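See below for the structure under consideration.
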Amino acid sequence: QVQLVESGGGLVQAGGSLRLSCAASESNFIINDMKWYRQVPGKQRELVAIATSGGSTTYADSVKGRFTVSRDNANKNTVYLQMNSLKPEDTAVYYCNAQYWKGDFWGQGTQVTVSS
């Protein structure tokens with residue numbers, strides 16, 4: 001069973017920044033795609049960003065130009081989400097996801113709250 005441990009959420013004012021981290025316990029294989037999702041109560045989980053092991057990134061339109069997803073150079077199974085120029089509508093629980101041949105794994109979620 002692979003575990004994903006997230007950290008870095010919190011409360012920030014609009015216009016501020018936060019950095020989320022997610023470390024996967026997988027040590028034998030490099031996970032190809034690691035993703036960040038977010039969810040607001042009563043709404044579907046939304047894909048925010050993807051970082052591949054090869055360095056490619058993809059973003060939701062709502063966060064392009066403000067968020068940056070990256071993989072750790074030393075430990076490729078760690079993914080970051082740098083969030084700048086945060087808006088109240090970015091308030092959500094953010095989840096890390098790793099889906100590869102072993103299965104589909106999720107972190108516990110970390111709350112991000114942006115006050116206006």
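Residue numbering restarts at 1 in every chain; chains get A, B, ... in the order shown in the structure tokens, and ligands count up from 1 in that same order.
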For segment 47-54 of chain A: contacts at 10 Å, only C-alpha atoms, fewer than 4 positions along chain excluded, given as a PyMOL selection string: chain A and resi 30-39+58-64+67-73+76-77+79-81+94-98
From a DSSP calculation on the backbone, collect every residue of chain A in strand (DSSP E) and output the set as a ChimeraX atom specification. /A:4-7,10-13,18-24,33-39,46-52,57-59,67-71,78-83,92-100,103-106,110-115
Interatomic distance between atom CA of Val112 of chain A and atom CA of Val5 of chain A?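 Between atom CA of Val112 of chain A and atom CA of Val5 of chain A the gap works out to 15.5 Å.
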Could you pull the residues within 8 Å of Met83 of chain A, counting only C-alpha atoms, minus those fewer than 6 positions along the same chain, as a PyMOL selection string? chain A and resi 17-20+66-68
